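One structure is given below, encoded as structure tokens.
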Amino acid sequence: MRELVKNKKAQTGDTITWLVATVVIVVVLAVSIFAASAFFHNEKDLKSNYFKSVDTLASKSLFSYTVTKDASGKLVYQQLKEEENLNYFNGNLALKVFRGLFQKDYLNNPNNIWLGFVINTEENANGKPCAPEPQFCIFNSIENNYFGKRVAGDRNTELGYHTVPFADEKIMLDDKRNLELNLIGK
């Protein structure tokens, strides 16, 4: 009987030790999370020089779109790299994905969603080569049969300079061509 009482006291001591340890761990974690939150408060925002918003779902959808395979097993990404514009398969798929998912979020206007190619003209706004400072190169959009002409116009036009999309995602296809998803008005 005496051993049974000693055994229960030992179990009670172990239980109390674990409860105190758990409370200490929870308090240390809570303090660390609070400290990290307070210390890195300004670092949490995603920042861009041109766009203040990010549409994570649109970004993930664009990357998922490019890894979709057609009936022959060819990736959309491969099709886009090899062809000059959207084809029947990837153009119709893009309409279903991007207008189907995002049209309601962007003022329910299908024209506020554009997917297509933008081409580096390798010239700046003055028509001179932009080789010394490539960040000032002009990128022109290519009209396609599925999304038409880029709503904001070409980048070197007055309309292009004054239309800032809510979200703008790009996938570089080569050193002169990008696939761009442009979402306007939220």
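By convention in this document, the chains of the structure tokens carry letters A, B, ... by their order, each chain's residues are numbered from 1, and ligands are numbered from 1 in the order they are shown.
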Spatial neighbours of Leu181 in chain A, 6 Å, only C-alpha atoms, chain gap at least 3 places, as a VMD selection string: chain A and resid 114 to 115 168 to 169
Distance of CA of Gln11 in chain A from CA of Val28 in chain A, expressed in Å to one decimal place: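 Taking CA of Val28 in chain A as the start and CA of Gln11 in chain A as the end point, the length is 25.7 Å.
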Range 9-117 of chain A: residues DSSP assigns to helix (DSSP H, G or I), reported as a PyMOL selection string: chain A and resi 9-39+41-43+56-66+76-82+88-102+110-112
Selection: 10 Å around Asn87 in chain A, only C-alpha atoms, excl. self and same-chain fewer than 4 positions, as a VMD selection string: chain A and resid 76 79 to 80 83 91 to 93 144 to 146
Neighbour list for Leu173 in chain A as a PyMOL selection string, cut-off 10 Å, only C-alpha atoms, skip fewer than 6 positions in-chain: chain A and resi 77-78+80-82+117+179
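Coordinates place CA of Val20 in chain A at a distance of 18.4 Å from CA of Ser32 in chain A.
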Contact residues around Ala58 in chain A with only C-alpha atoms at 8 Å, ignoring same-chain residues under 2 positions, as JSON, numbers by chain: {"A": [55, 56, 60, 61, 62, 98, 102, 169]}
All residues 12 Å or closer to Gln103 in chain A, only C-alpha atoms, same chain fewer than 4 positions away omitted, as a PyMOL selection string: chain A and resi 58+95-99+107-114+183-186
Atom-to-atom span, CA of Asn90 in chain A and CA of Val118 in chain A, Å: 16.5 Å
Within 9 Å of Gly116 in chain A using only C-alpha atoms, minus same-chain residues under 6 positions, as a PyMOL selection string: chain A and resi 85-86+141-144+146-150+178-182
